[in-house]
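Peer 1: Contents of entry.txt (compact mmCIF, N, CA and C atoms):
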```
# COMPACT_ATOMS: atom_id res chain seq x y z
N MET A 20 -6.83 -12.73 -14.15
CA MET A 20 -6.42 -12.14 -12.90
C MET A 20 -7.27 -12.76 -11.78
N ASN A 21 -6.64 -13.13 -10.70
CA ASN A 21 -7.31 -13.71 -9.55
C ASN A 21 -7.29 -12.73 -8.40
N GLY A 22 -7.97 -13.09 -7.34
CA GLY A 22 -7.99 -12.18 -6.22
C GLY A 22 -8.42 -12.83 -4.93
N HIS A 23 -8.42 -12.02 -3.90
CA HIS A 23 -8.83 -12.43 -2.57
C HIS A 23 -9.54 -11.24 -1.94
N ILE A 24 -10.58 -11.52 -1.18
CA ILE A 24 -11.34 -10.45 -0.53
C ILE A 24 -11.20 -10.57 0.99
N ILE A 25 -10.94 -9.44 1.61
CA ILE A 25 -10.89 -9.34 3.07
C ILE A 25 -11.97 -8.33 3.47
N THR A 26 -12.78 -8.68 4.45
CA THR A 26 -13.78 -7.76 4.96
C THR A 26 -13.33 -7.25 6.32
N ILE A 27 -13.41 -5.95 6.51
CA ILE A 27 -13.05 -5.32 7.79
C ILE A 27 -14.34 -4.72 8.35
N ASN A 28 -14.80 -5.27 9.46
CA ASN A 28 -16.07 -4.84 10.04
C ASN A 28 -15.94 -3.65 10.99
N SER A 29 -14.75 -3.47 11.58
CA SER A 29 -14.56 -2.36 12.52
C SER A 29 -13.08 -2.03 12.61
N LEU A 30 -12.77 -0.91 13.23
CA LEU A 30 -11.39 -0.47 13.40
C LEU A 30 -10.56 -1.54 14.13
N ASP A 31 -11.19 -2.25 15.05
CA ASP A 31 -10.49 -3.30 15.81
C ASP A 31 -10.04 -4.46 14.94
N GLU A 32 -10.62 -4.61 13.76
CA GLU A 32 -10.29 -5.73 12.89
C GLU A 32 -9.14 -5.45 11.92
N TYR A 33 -8.62 -4.23 11.90
CA TYR A 33 -7.51 -3.93 10.99
C TYR A 33 -6.29 -4.82 11.22
N PRO A 34 -5.86 -5.07 12.48
CA PRO A 34 -4.69 -5.95 12.65
C PRO A 34 -4.91 -7.35 12.09
N LYS A 35 -6.10 -7.92 12.33
CA LYS A 35 -6.42 -9.25 11.80
C LYS A 35 -6.41 -9.23 10.27
N ALA A 36 -7.00 -8.18 9.68
CA ALA A 36 -7.03 -8.05 8.22
C ALA A 36 -5.61 -7.90 7.67
N ALA A 37 -4.77 -7.16 8.39
CA ALA A 37 -3.38 -6.97 7.97
C ALA A 37 -2.64 -8.31 7.97
N ARG A 38 -2.86 -9.12 8.99
CA ARG A 38 -2.22 -10.45 9.04
C ARG A 38 -2.67 -11.31 7.86
N GLU A 39 -3.94 -11.22 7.53
CA GLU A 39 -4.45 -11.97 6.37
C GLU A 39 -3.80 -11.46 5.08
N PHE A 40 -3.65 -10.13 4.95
CA PHE A 40 -3.02 -9.53 3.78
C PHE A 40 -1.57 -9.99 3.64
N ILE A 41 -0.86 -10.05 4.76
CA ILE A 41 0.57 -10.39 4.75
C ILE A 41 0.80 -11.76 4.11
N ARG A 42 -0.16 -12.67 4.24
CA ARG A 42 -0.03 -13.98 3.59
C ARG A 42 0.13 -13.86 2.08
N PHE A 43 -0.38 -12.77 1.51
CA PHE A 43 -0.31 -12.59 0.06
C PHE A 43 0.94 -11.81 -0.38
N MET A 44 1.73 -11.37 0.58
CA MET A 44 2.91 -10.58 0.23
C MET A 44 4.00 -11.41 -0.42
N GLU A 45 3.92 -12.73 -0.33
CA GLU A 45 4.88 -13.58 -1.02
C GLU A 45 4.71 -13.51 -2.53
N ARG A 46 3.57 -12.98 -2.99
CA ARG A 46 3.27 -12.89 -4.42
C ARG A 46 3.93 -11.68 -5.08
N GLY A 47 4.49 -10.78 -4.29
CA GLY A 47 5.12 -9.61 -4.88
C GLY A 47 5.62 -8.64 -3.84
N ARG A 48 6.19 -7.55 -4.31
CA ARG A 48 6.73 -6.53 -3.42
C ARG A 48 6.14 -5.15 -3.68
N ILE A 49 5.43 -5.00 -4.80
CA ILE A 49 4.88 -3.69 -5.17
C ILE A 49 3.35 -3.77 -5.04
N PHE A 50 2.79 -2.92 -4.18
CA PHE A 50 1.36 -2.93 -3.90
C PHE A 50 0.79 -1.54 -4.11
N ALA A 51 -0.21 -1.46 -4.98
CA ALA A 51 -0.88 -0.19 -5.28
C ALA A 51 -2.25 -0.22 -4.61
N PHE A 52 -2.48 0.72 -3.68
CA PHE A 52 -3.73 0.77 -2.93
C PHE A 52 -4.65 1.84 -3.52
N TYR A 53 -5.80 1.39 -4.01
CA TYR A 53 -6.79 2.27 -4.62
C TYR A 53 -7.97 2.43 -3.68
N GLY A 54 -8.52 3.62 -3.64
CA GLY A 54 -9.72 3.85 -2.84
C GLY A 54 -9.97 5.34 -2.70
N LYS A 55 -11.21 5.67 -2.41
CA LYS A 55 -11.57 7.08 -2.25
C LYS A 55 -10.92 7.66 -1.00
N MET A 56 -10.88 8.97 -0.93
CA MET A 56 -10.40 9.65 0.26
C MET A 56 -11.22 9.16 1.45
N GLY A 57 -10.54 8.76 2.51
CA GLY A 57 -11.22 8.30 3.71
C GLY A 57 -11.63 6.84 3.70
N SER A 58 -11.22 6.10 2.67
CA SER A 58 -11.63 4.69 2.58
C SER A 58 -10.84 3.79 3.52
N GLY A 59 -9.71 4.25 4.02
CA GLY A 59 -8.92 3.45 4.95
C GLY A 59 -7.59 2.98 4.42
N LYS A 60 -7.11 3.56 3.33
CA LYS A 60 -5.83 3.13 2.74
C LYS A 60 -4.69 3.30 3.74
N THR A 61 -4.56 4.48 4.32
CA THR A 61 -3.46 4.75 5.25
C THR A 61 -3.58 3.87 6.49
N THR A 62 -4.78 3.74 7.01
CA THR A 62 -4.99 2.91 8.21
C THR A 62 -4.61 1.47 7.93
N PHE A 63 -4.96 0.97 6.76
CA PHE A 63 -4.65 -0.42 6.42
C PHE A 63 -3.13 -0.60 6.25
N ILE A 64 -2.48 0.31 5.54
CA ILE A 64 -1.02 0.22 5.37
C ILE A 64 -0.33 0.32 6.72
N LYS A 65 -0.80 1.20 7.58
CA LYS A 65 -0.23 1.32 8.93
C LYS A 65 -0.36 0.00 9.68
N SER A 66 -1.51 -0.64 9.59
CA SER A 66 -1.73 -1.93 10.26
C SER A 66 -0.80 -3.01 9.70
N ILE A 67 -0.62 -3.02 8.39
CA ILE A 67 0.29 -3.99 7.77
C ILE A 67 1.70 -3.78 8.31
N CYS A 68 2.15 -2.54 8.30
CA CYS A 68 3.51 -2.23 8.79
C CYS A 68 3.67 -2.62 10.25
N GLU A 69 2.68 -2.34 11.06
CA GLU A 69 2.75 -2.71 12.48
C GLU A 69 2.82 -4.22 12.64
N GLU A 70 2.04 -4.96 11.87
CA GLU A 70 2.07 -6.42 11.94
C GLU A 70 3.40 -6.98 11.45
N LEU A 71 4.08 -6.26 10.58
CA LEU A 71 5.41 -6.67 10.10
C LEU A 71 6.52 -6.29 11.08
N GLY A 72 6.15 -5.57 12.14
CA GLY A 72 7.12 -5.23 13.18
C GLY A 72 7.80 -3.88 13.01
N VAL A 73 7.24 -3.00 12.18
CA VAL A 73 7.81 -1.65 12.05
C VAL A 73 7.62 -0.93 13.39
N GLU A 74 8.71 -0.37 13.91
CA GLU A 74 8.63 0.32 15.20
C GLU A 74 8.57 1.83 15.06
N ASP A 75 8.88 2.35 13.88
CA ASP A 75 8.81 3.80 13.65
C ASP A 75 7.36 4.26 13.69
N THR A 76 7.18 5.57 13.84
CA THR A 76 5.85 6.14 13.71
C THR A 76 5.44 6.02 12.25
N ILE A 77 4.27 5.47 12.03
CA ILE A 77 3.80 5.23 10.66
C ILE A 77 2.67 6.21 10.37
N ASN A 78 2.89 7.04 9.37
CA ASN A 78 1.83 7.97 8.96
C ASN A 78 1.92 8.19 7.47
N SER A 79 0.91 8.84 6.94
CA SER A 79 0.88 9.06 5.50
C SER A 79 1.95 10.06 5.08
N PRO A 80 2.72 9.73 4.06
CA PRO A 80 3.76 10.64 3.59
C PRO A 80 3.21 11.69 2.61
N THR A 81 2.08 12.28 2.95
CA THR A 81 1.40 13.20 2.04
C THR A 81 2.31 14.31 1.54
N PHE A 82 3.08 14.91 2.42
CA PHE A 82 3.93 16.03 1.99
C PHE A 82 5.31 15.58 1.55
N ALA A 83 5.81 14.49 2.10
CA ALA A 83 7.15 14.00 1.74
C ALA A 83 7.11 13.09 0.51
N ILE A 84 5.96 12.64 0.11
CA ILE A 84 5.71 11.69 -0.97
C ILE A 84 6.09 10.26 -0.57
N VAL A 85 7.21 10.06 0.13
CA VAL A 85 7.60 8.70 0.52
C VAL A 85 8.18 8.70 1.93
N ASN A 86 7.79 7.70 2.71
CA ASN A 86 8.39 7.41 4.01
C ASN A 86 9.07 6.06 3.90
N GLU A 87 10.15 5.90 4.64
CA GLU A 87 10.89 4.64 4.64
C GLU A 87 10.81 4.03 6.03
N TYR A 88 10.50 2.73 6.08
CA TYR A 88 10.44 1.99 7.33
C TYR A 88 11.27 0.73 7.20
N GLU A 89 11.51 0.08 8.33
CA GLU A 89 12.18 -1.21 8.35
C GLU A 89 11.36 -2.15 9.22
N ASP A 90 11.12 -3.38 8.73
CA ASP A 90 10.34 -4.32 9.52
C ASP A 90 11.26 -5.13 10.44
N ARG A 91 10.69 -6.05 11.19
CA ARG A 91 11.47 -6.81 12.17
C ARG A 91 12.53 -7.70 11.51
N GLU A 92 12.35 -8.02 10.22
CA GLU A 92 13.32 -8.83 9.48
C GLU A 92 14.35 -7.96 8.76
N MET A 93 14.31 -6.66 9.03
CA MET A 93 15.21 -5.68 8.43
C MET A 93 14.94 -5.46 6.94
N ASN A 94 13.73 -5.80 6.48
CA ASN A 94 13.32 -5.50 5.11
C ASN A 94 12.92 -4.03 5.05
N THR A 95 13.28 -3.37 3.96
CA THR A 95 12.90 -1.99 3.76
C THR A 95 11.49 -1.93 3.18
N ILE A 96 10.70 -1.00 3.71
CA ILE A 96 9.35 -0.75 3.22
C ILE A 96 9.26 0.72 2.85
N TYR A 97 8.82 1.00 1.63
CA TYR A 97 8.56 2.38 1.21
C TYR A 97 7.05 2.58 1.16
N HIS A 98 6.61 3.66 1.76
CA HIS A 98 5.18 4.01 1.79
C HIS A 98 5.04 5.32 1.02
N PHE A 99 4.39 5.24 -0.13
CA PHE A 99 4.22 6.40 -1.00
C PHE A 99 2.81 6.97 -0.88
N ASP A 100 2.71 8.28 -1.00
CA ASP A 100 1.41 8.94 -1.14
C ASP A 100 1.57 9.93 -2.28
N PHE A 101 1.00 9.58 -3.43
CA PHE A 101 1.15 10.40 -4.62
C PHE A 101 0.06 11.45 -4.78
N TYR A 102 -0.77 11.64 -3.76
CA TYR A 102 -1.91 12.54 -3.85
C TYR A 102 -1.53 13.95 -4.27
N ARG A 103 -0.42 14.47 -3.77
CA ARG A 103 -0.06 15.86 -4.01
C ARG A 103 0.90 16.09 -5.18
N ILE A 104 1.26 15.03 -5.92
CA ILE A 104 2.16 15.29 -7.05
C ILE A 104 1.42 16.10 -8.11
N LYS A 105 2.15 17.00 -8.71
CA LYS A 105 1.56 17.88 -9.72
C LYS A 105 1.86 17.41 -11.14
N SER A 106 2.95 16.64 -11.27
CA SER A 106 3.29 16.12 -12.60
C SER A 106 4.09 14.84 -12.45
N ILE A 107 4.07 14.04 -13.47
CA ILE A 107 4.82 12.79 -13.47
C ILE A 107 6.32 13.06 -13.38
N ALA A 108 6.74 14.25 -13.82
CA ALA A 108 8.16 14.63 -13.74
C ALA A 108 8.66 14.60 -12.30
N GLU A 109 7.81 14.95 -11.34
CA GLU A 109 8.20 14.90 -9.92
C GLU A 109 8.61 13.49 -9.53
N VAL A 110 7.90 12.51 -10.05
CA VAL A 110 8.17 11.11 -9.72
C VAL A 110 9.47 10.65 -10.40
N TYR A 111 9.68 11.09 -11.64
CA TYR A 111 10.95 10.81 -12.30
C TYR A 111 12.10 11.43 -11.51
N ASN A 112 11.92 12.67 -11.07
CA ASN A 112 12.99 13.39 -10.35
C ASN A 112 13.32 12.77 -9.00
N MET A 113 12.36 12.11 -8.39
CA MET A 113 12.64 11.48 -7.10
C MET A 113 13.34 10.14 -7.26
N GLY A 114 13.51 9.70 -8.50
CA GLY A 114 14.20 8.44 -8.78
C GLY A 114 13.35 7.23 -8.47
N TYR A 115 12.14 7.24 -8.97
CA TYR A 115 11.19 6.16 -8.67
C TYR A 115 11.73 4.77 -8.99
N GLU A 116 12.60 4.65 -10.02
CA GLU A 116 13.11 3.34 -10.41
C GLU A 116 13.84 2.65 -9.27
N GLU A 117 14.62 3.43 -8.50
CA GLU A 117 15.35 2.85 -7.37
C GLU A 117 14.40 2.28 -6.34
N TYR A 118 13.27 2.93 -6.14
CA TYR A 118 12.27 2.43 -5.19
C TYR A 118 11.54 1.22 -5.75
N PHE A 119 10.98 1.36 -6.95
CA PHE A 119 10.13 0.32 -7.51
C PHE A 119 10.90 -0.94 -7.90
N TYR A 120 12.15 -0.80 -8.31
CA TYR A 120 12.92 -1.94 -8.81
C TYR A 120 14.09 -2.32 -7.90
N GLY A 121 14.11 -1.79 -6.69
CA GLY A 121 15.22 -2.05 -5.76
C GLY A 121 15.03 -3.26 -4.86
N GLY A 122 13.89 -3.93 -4.97
CA GLY A 122 13.67 -5.13 -4.17
C GLY A 122 12.98 -4.91 -2.84
N ALA A 123 12.72 -3.66 -2.48
CA ALA A 123 12.04 -3.35 -1.22
C ALA A 123 10.53 -3.48 -1.41
N TYR A 124 9.82 -3.59 -0.31
CA TYR A 124 8.36 -3.53 -0.38
C TYR A 124 7.95 -2.09 -0.67
N CYS A 125 6.99 -1.91 -1.54
CA CYS A 125 6.45 -0.59 -1.85
C CYS A 125 4.94 -0.63 -1.68
N PHE A 126 4.44 0.24 -0.81
CA PHE A 126 3.00 0.41 -0.61
C PHE A 126 2.65 1.80 -1.11
N MET A 127 1.75 1.89 -2.10
CA MET A 127 1.45 3.18 -2.73
C MET A 127 -0.01 3.58 -2.55
N GLU A 128 -0.21 4.81 -2.08
CA GLU A 128 -1.54 5.40 -2.06
C GLU A 128 -1.64 6.33 -3.27
N TRP A 129 -2.81 6.43 -3.84
CA TRP A 129 -3.11 7.24 -5.03
C TRP A 129 -2.22 6.83 -6.23
N PRO A 130 -2.10 5.51 -6.49
CA PRO A 130 -1.25 5.06 -7.60
C PRO A 130 -1.80 5.43 -8.97
N GLU A 131 -3.10 5.76 -9.05
CA GLU A 131 -3.66 6.12 -10.35
C GLU A 131 -2.97 7.35 -10.94
N LEU A 132 -2.31 8.14 -10.09
CA LEU A 132 -1.60 9.33 -10.58
C LEU A 132 -0.25 9.00 -11.21
N VAL A 133 0.22 7.76 -11.00
CA VAL A 133 1.51 7.34 -11.59
C VAL A 133 1.35 6.01 -12.32
N GLU A 134 0.14 5.70 -12.72
CA GLU A 134 -0.20 4.41 -13.32
C GLU A 134 0.78 3.99 -14.42
N GLU A 135 1.19 4.93 -15.25
CA GLU A 135 2.08 4.60 -16.37
C GLU A 135 3.46 4.14 -15.93
N LEU A 136 3.83 4.39 -14.67
CA LEU A 136 5.15 4.02 -14.17
C LEU A 136 5.16 2.73 -13.36
N LEU A 137 3.98 2.21 -13.05
CA LEU A 137 3.90 1.03 -12.20
C LEU A 137 4.47 -0.19 -12.90
N PRO A 138 5.30 -0.96 -12.19
CA PRO A 138 5.83 -2.19 -12.78
C PRO A 138 4.69 -3.15 -13.12
N GLU A 139 4.90 -3.98 -14.10
CA GLU A 139 3.88 -4.92 -14.56
C GLU A 139 3.41 -5.84 -13.43
N GLU A 140 4.32 -6.19 -12.52
CA GLU A 140 3.99 -7.14 -11.46
C GLU A 140 3.30 -6.50 -10.25
N THR A 141 2.92 -5.24 -10.36
CA THR A 141 2.24 -4.55 -9.26
C THR A 141 0.96 -5.28 -8.89
N ILE A 142 0.79 -5.51 -7.60
CA ILE A 142 -0.44 -6.11 -7.08
C ILE A 142 -1.37 -4.97 -6.70
N LYS A 143 -2.57 -5.00 -7.25
CA LYS A 143 -3.52 -3.92 -7.02
C LYS A 143 -4.45 -4.29 -5.87
N VAL A 144 -4.63 -3.34 -4.96
CA VAL A 144 -5.44 -3.54 -3.78
C VAL A 144 -6.51 -2.45 -3.77
N TYR A 145 -7.76 -2.86 -3.82
CA TYR A 145 -8.88 -1.91 -3.86
C TYR A 145 -9.58 -1.93 -2.50
N ILE A 146 -9.69 -0.75 -1.89
CA ILE A 146 -10.38 -0.64 -0.60
C ILE A 146 -11.63 0.19 -0.81
N GLU A 147 -12.76 -0.40 -0.42
CA GLU A 147 -14.04 0.29 -0.58
C GLU A 147 -14.71 0.41 0.78
N GLU A 148 -15.25 1.59 1.04
CA GLU A 148 -16.06 1.78 2.24
C GLU A 148 -17.50 1.48 1.85
N ASN A 149 -18.10 0.57 2.56
CA ASN A 149 -19.47 0.16 2.29
C ASN A 149 -20.45 1.05 3.06
N GLU A 150 -21.70 1.01 2.67
CA GLU A 150 -22.73 1.85 3.31
C GLU A 150 -22.83 1.62 4.81
N ASP A 151 -22.55 0.39 5.25
CA ASP A 151 -22.64 0.08 6.68
C ASP A 151 -21.33 0.36 7.42
N THR A 152 -20.41 1.09 6.80
CA THR A 152 -19.09 1.51 7.31
C THR A 152 -18.06 0.38 7.36
N THR A 153 -18.43 -0.84 6.94
CA THR A 153 -17.42 -1.88 6.82
C THR A 153 -16.53 -1.54 5.61
N ARG A 154 -15.41 -2.22 5.52
CA ARG A 154 -14.50 -2.04 4.39
C ARG A 154 -14.34 -3.37 3.67
N THR A 155 -14.27 -3.32 2.36
CA THR A 155 -13.96 -4.48 1.55
C THR A 155 -12.61 -4.23 0.89
N VAL A 156 -11.68 -5.16 1.11
CA VAL A 156 -10.34 -5.08 0.53
C VAL A 156 -10.24 -6.18 -0.51
N ARG A 157 -10.03 -5.79 -1.77
CA ARG A 157 -9.84 -6.75 -2.86
C ARG A 157 -8.39 -6.74 -3.29
N ILE A 158 -7.73 -7.86 -3.17
CA ILE A 158 -6.33 -8.00 -3.60
C ILE A 158 -6.35 -8.71 -4.93
N MET A 159 -5.82 -8.06 -5.96
CA MET A 159 -5.84 -8.62 -7.32
C MET A 159 -4.42 -8.99 -7.75
N PHE A 160 -4.25 -10.24 -8.19
CA PHE A 160 -2.93 -10.72 -8.58
C PHE A 160 -3.05 -11.74 -9.71
N ASP A 161 -1.96 -11.93 -10.43
CA ASP A 161 -1.89 -12.95 -11.48
C ASP A 161 -1.46 -14.26 -10.81
N GLU A 162 -1.96 -15.36 -11.31
CA GLU A 162 -1.55 -16.67 -10.80
C GLU A 162 -0.24 -17.07 -11.42
```
Would you encode the structure as structure tokens?
Peer 2:
Amino acid sequence: MNGHIITINSLDEYPKAAREFIRFMERGRIFAFYGKMGSGKTTFIKSICEELGVEDTINSPTFAIVNEYEDREMNTIYHFDFYRIKSIAEVYNMGYEEYFYGGAYCFMEWPELVEELLPEETIKVYIEENEDTTRTVRIMFDE
């Protein structure tokens, strides 16, 4: 497994980091974002969506589980937040296969709660908050 590291030094650097991340989106469509509460997962996904030209209000789908956006190229983007799911059955009932295997971009927060359902080609993105408040984003992918 190979990877790429992006360092975010301040809130102002999220758009630049998002543009750097977008270069890796040609490697797949399913992205699982891992990180502790408050590490910046939602902020980073919001920045990516904004850089892709999403004009809708972008926020965490904590209560809805999934939000749907469209980028400037009319590509569908699904933004998942699995934090509040109580059982894997909820994900089956929402028809996860249509989302994960429908060809749209999928950005997932708290994917560890649905790990067994993630497609093999899922690109894992780890966001860590460092002691100096910078963020380290590790994008892991197969060559």
Peer 1: Which distance in Å separates atom CA of A:Thr152 and atom CA of A:Asn28, to one decimal?
Peer 2: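 Separation of atom CA of A:Thr152 and atom CA of A:Asn28: 7.5 Å.
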Peer 1: Which residues of stretch 107-153 of chain A have any atom within 7 Å of an atom in stretch 71-95 of chain A when counting all atoms listed in the file, and what is the closest pair of atoms for each, with the distance in Å to one decimal? Order the rows by chain and rising number and write it as CSV.
Peer 2:
```
residue,atom,partner,partner_atom,distance
A:Gly122,C,A:Thr95,C,6.9
A:Ala123,CA,A:Thr95,C,4.7
A:Tyr124,N,A:Thr95,C,4.2
A:Cys125,N,A:Thr95,C,6.5
```
Peer 1: Could you please determine the separation between atom CA of A:Thr153 and atom N of A:Pro130 in Å, to one decimal place?
Peer 2: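 Between atom CA of A:Thr153 and atom N of A:Pro130 the gap is 21.6 Å.
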Peer 1: Taking the DSSP secondary structure from the backbone, can you list the residues of chain A that are strand (DSSP E or B), as an mmCIF file with N, CA and C atoms, in the frame of the given file?
Peer 2:
```
data_model
loop_
_atom_site.group_PDB
_atom_site.id
_atom_site.type_symbol
_atom_site.label_atom_id
_atom_site.label_comp_id
_atom_site.auth_asym_id
_atom_site.auth_seq_id
_atom_site.Cartn_x
_atom_site.Cartn_y
_atom_site.Cartn_z
ATOM 1 N N ASN A 21 -6.640 -13.130 -10.700
ATOM 2 C CA ASN A 21 -7.310 -13.710 -9.550
ATOM 3 C C ASN A 21 -7.290 -12.730 -8.400
ATOM 4 N N GLY A 22 -7.970 -13.090 -7.340
ATOM 5 C CA GLY A 22 -7.990 -12.180 -6.220
ATOM 6 C C GLY A 22 -8.420 -12.830 -4.930
ATOM 7 N N HIS A 23 -8.420 -12.020 -3.900
ATOM 8 C CA HIS A 23 -8.830 -12.430 -2.570
ATOM 9 C C HIS A 23 -9.540 -11.240 -1.940
ATOM 10 N N ILE A 24 -10.580 -11.520 -1.180
ATOM 11 C CA ILE A 24 -11.340 -10.450 -0.530
ATOM 12 C C ILE A 24 -11.200 -10.570 0.990
ATOM 13 N N ILE A 25 -10.940 -9.440 1.610
ATOM 14 C CA ILE A 25 -10.890 -9.340 3.070
ATOM 15 C C ILE A 25 -11.970 -8.330 3.470
ATOM 16 N N THR A 26 -12.780 -8.680 4.450
ATOM 17 C CA THR A 26 -13.780 -7.760 4.960
ATOM 18 C C THR A 26 -13.330 -7.250 6.320
ATOM 19 N N ILE A 27 -13.410 -5.950 6.510
ATOM 20 C CA ILE A 27 -13.050 -5.320 7.790
ATOM 21 C C ILE A 27 -14.340 -4.720 8.350
ATOM 22 N N ILE A 49 5.430 -5.000 -4.800
ATOM 23 C CA ILE A 49 4.880 -3.690 -5.170
ATOM 24 C C ILE A 49 3.350 -3.770 -5.040
ATOM 25 N N PHE A 50 2.790 -2.920 -4.180
ATOM 26 C CA PHE A 50 1.360 -2.930 -3.900
ATOM 27 C C PHE A 50 0.790 -1.540 -4.110
ATOM 28 N N ALA A 51 -0.210 -1.460 -4.980
ATOM 29 C CA ALA A 51 -0.880 -0.190 -5.280
ATOM 30 C C ALA A 51 -2.250 -0.220 -4.610
ATOM 31 N N PHE A 52 -2.480 0.720 -3.680
ATOM 32 C CA PHE A 52 -3.730 0.770 -2.930
ATOM 33 C C PHE A 52 -4.650 1.840 -3.520
ATOM 34 N N TYR A 53 -5.800 1.390 -4.010
ATOM 35 C CA TYR A 53 -6.790 2.270 -4.620
ATOM 36 C C TYR A 53 -7.970 2.430 -3.680
ATOM 37 N N VAL A 85 7.210 10.060 0.130
ATOM 38 C CA VAL A 85 7.600 8.700 0.520
ATOM 39 C C VAL A 85 8.180 8.700 1.930
ATOM 40 N N ASN A 86 7.790 7.700 2.710
ATOM 41 C CA ASN A 86 8.390 7.410 4.010
ATOM 42 C C ASN A 86 9.070 6.060 3.900
ATOM 43 N N GLU A 87 10.150 5.900 4.640
ATOM 44 C CA GLU A 87 10.890 4.640 4.640
ATOM 45 C C GLU A 87 10.810 4.030 6.030
ATOM 46 N N TYR A 88 10.500 2.730 6.080
ATOM 47 C CA TYR A 88 10.440 1.990 7.330
ATOM 48 C C TYR A 88 11.270 0.730 7.200
ATOM 49 N N GLU A 89 11.510 0.080 8.330
ATOM 50 C CA GLU A 89 12.180 -1.210 8.350
ATOM 51 C C GLU A 89 11.360 -2.150 9.220
ATOM 52 N N THR A 95 13.280 -3.370 3.960
ATOM 53 C CA THR A 95 12.900 -1.990 3.760
ATOM 54 C C THR A 95 11.490 -1.930 3.180
ATOM 55 N N ILE A 96 10.700 -1.000 3.710
ATOM 56 C CA ILE A 96 9.350 -0.750 3.220
ATOM 57 C C ILE A 96 9.260 0.720 2.850
ATOM 58 N N TYR A 97 8.820 1.000 1.630
ATOM 59 C CA TYR A 97 8.560 2.380 1.210
ATOM 60 C C TYR A 97 7.050 2.580 1.160
ATOM 61 N N HIS A 98 6.610 3.660 1.760
ATOM 62 C CA HIS A 98 5.180 4.010 1.790
ATOM 63 C C HIS A 98 5.040 5.320 1.020
ATOM 64 N N PHE A 99 4.390 5.240 -0.130
ATOM 65 C CA PHE A 99 4.220 6.400 -1.000
ATOM 66 C C PHE A 99 2.810 6.970 -0.880
ATOM 67 N N ASP A 100 2.710 8.280 -1.000
ATOM 68 C CA ASP A 100 1.410 8.940 -1.140
ATOM 69 C C ASP A 100 1.570 9.930 -2.280
ATOM 70 N N TYR A 124 9.820 -3.590 -0.310
ATOM 71 C CA TYR A 124 8.360 -3.530 -0.380
ATOM 72 C C TYR A 124 7.950 -2.090 -0.670
ATOM 73 N N CYS A 125 6.990 -1.910 -1.540
ATOM 74 C CA CYS A 125 6.450 -0.590 -1.850
ATOM 75 C C CYS A 125 4.940 -0.630 -1.680
ATOM 76 N N PHE A 126 4.440 0.240 -0.810
ATOM 77 C CA PHE A 126 3.000 0.410 -0.610
ATOM 78 C C PHE A 126 2.650 1.800 -1.110
ATOM 79 N N MET A 127 1.750 1.890 -2.100
ATOM 80 C CA MET A 127 1.450 3.180 -2.730
ATOM 81 C C MET A 127 -0.010 3.580 -2.550
ATOM 82 N N GLU A 128 -0.210 4.810 -2.080
ATOM 83 C CA GLU A 128 -1.540 5.400 -2.060
ATOM 84 C C GLU A 128 -1.640 6.330 -3.270
ATOM 85 N N ILE A 142 0.790 -5.510 -7.600
ATOM 86 C CA ILE A 142 -0.440 -6.110 -7.080
ATOM 87 C C ILE A 142 -1.370 -4.970 -6.700
ATOM 88 N N LYS A 143 -2.570 -5.000 -7.250
ATOM 89 C CA LYS A 143 -3.520 -3.920 -7.020
ATOM 90 C C LYS A 143 -4.450 -4.290 -5.870
ATOM 91 N N VAL A 144 -4.630 -3.340 -4.960
ATOM 92 C CA VAL A 144 -5.440 -3.540 -3.780
ATOM 93 C C VAL A 144 -6.510 -2.450 -3.770
ATOM 94 N N TYR A 145 -7.760 -2.860 -3.820
ATOM 95 C CA TYR A 145 -8.880 -1.910 -3.860
ATOM 96 C C TYR A 145 -9.580 -1.930 -2.500
ATOM 97 N N ILE A 146 -9.690 -0.750 -1.890
ATOM 98 C CA ILE A 146 -10.380 -0.640 -0.600
ATOM 99 C C ILE A 146 -11.630 0.190 -0.810
ATOM 100 N N GLU A 147 -12.760 -0.400 -0.420
ATOM 101 C CA GLU A 147 -14.040 0.290 -0.580
ATOM 102 C C GLU A 147 -14.710 0.410 0.780
ATOM 103 N N GLU A 148 -15.250 1.590 1.040
ATOM 104 C CA GLU A 148 -16.060 1.780 2.240
ATOM 105 C C GLU A 148 -17.500 1.480 1.850
ATOM 106 N N ARG A 154 -15.410 -2.220 5.520
ATOM 107 C CA ARG A 154 -14.500 -2.040 4.390
ATOM 108 C C ARG A 154 -14.340 -3.370 3.670
ATOM 109 N N THR A 155 -14.270 -3.320 2.360
ATOM 110 C CA THR A 155 -13.960 -4.480 1.550
ATOM 111 C C THR A 155 -12.610 -4.230 0.890
ATOM 112 N N VAL A 156 -11.680 -5.160 1.110
ATOM 113 C CA VAL A 156 -10.340 -5.080 0.530
ATOM 114 C C VAL A 156 -10.240 -6.180 -0.510
ATOM 115 N N ARG A 157 -10.030 -5.790 -1.770
ATOM 116 C CA ARG A 157 -9.840 -6.750 -2.860
ATOM 117 C C ARG A 157 -8.390 -6.740 -3.290
ATOM 118 N N ILE A 158 -7.730 -7.860 -3.170
ATOM 119 C CA ILE A 158 -6.330 -8.000 -3.600
ATOM 120 C C ILE A 158 -6.350 -8.710 -4.930
ATOM 121 N N MET A 159 -5.820 -8.060 -5.960
ATOM 122 C CA MET A 159 -5.840 -8.620 -7.320
ATOM 123 C C MET A 159 -4.420 -8.990 -7.750
ATOM 124 N N PHE A 160 -4.250 -10.240 -8.190
ATOM 125 C CA PHE A 160 -2.930 -10.720 -8.580
ATOM 126 C C PHE A 160 -3.050 -11.740 -9.710
#
```
Peer 1: Using only C-alpha atoms, pick whichever of A:Tyr33, A:Phe99, A:Tyr145, A:Tyr115 has the shortest atom-to-atom distance to A:Phe160.
Peer 2: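 Under the stated criterion, the closest residue is A:Tyr145.
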Peer 1: Which residue out of A:Met113, A:Ala37, A:Ile24, A:Ala51 has the minimum interatomic distance to A:Phe126 when only C-alpha atoms are used?
Peer 2: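 Closest to A:Phe126 of all the choices is A:Ala51.
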Peer 1: Please tell me which residues are no farther than 8 Å from (-0.2, 3.8, -1.7) in the file, counting only N, CA and C atoms, and write them as JSON, numbers by chain.
Peer 2: {"A": [50, 51, 52, 53, 60, 61, 64, 97, 98, 99, 100, 101, 125, 126, 127, 128, 129, 130]}
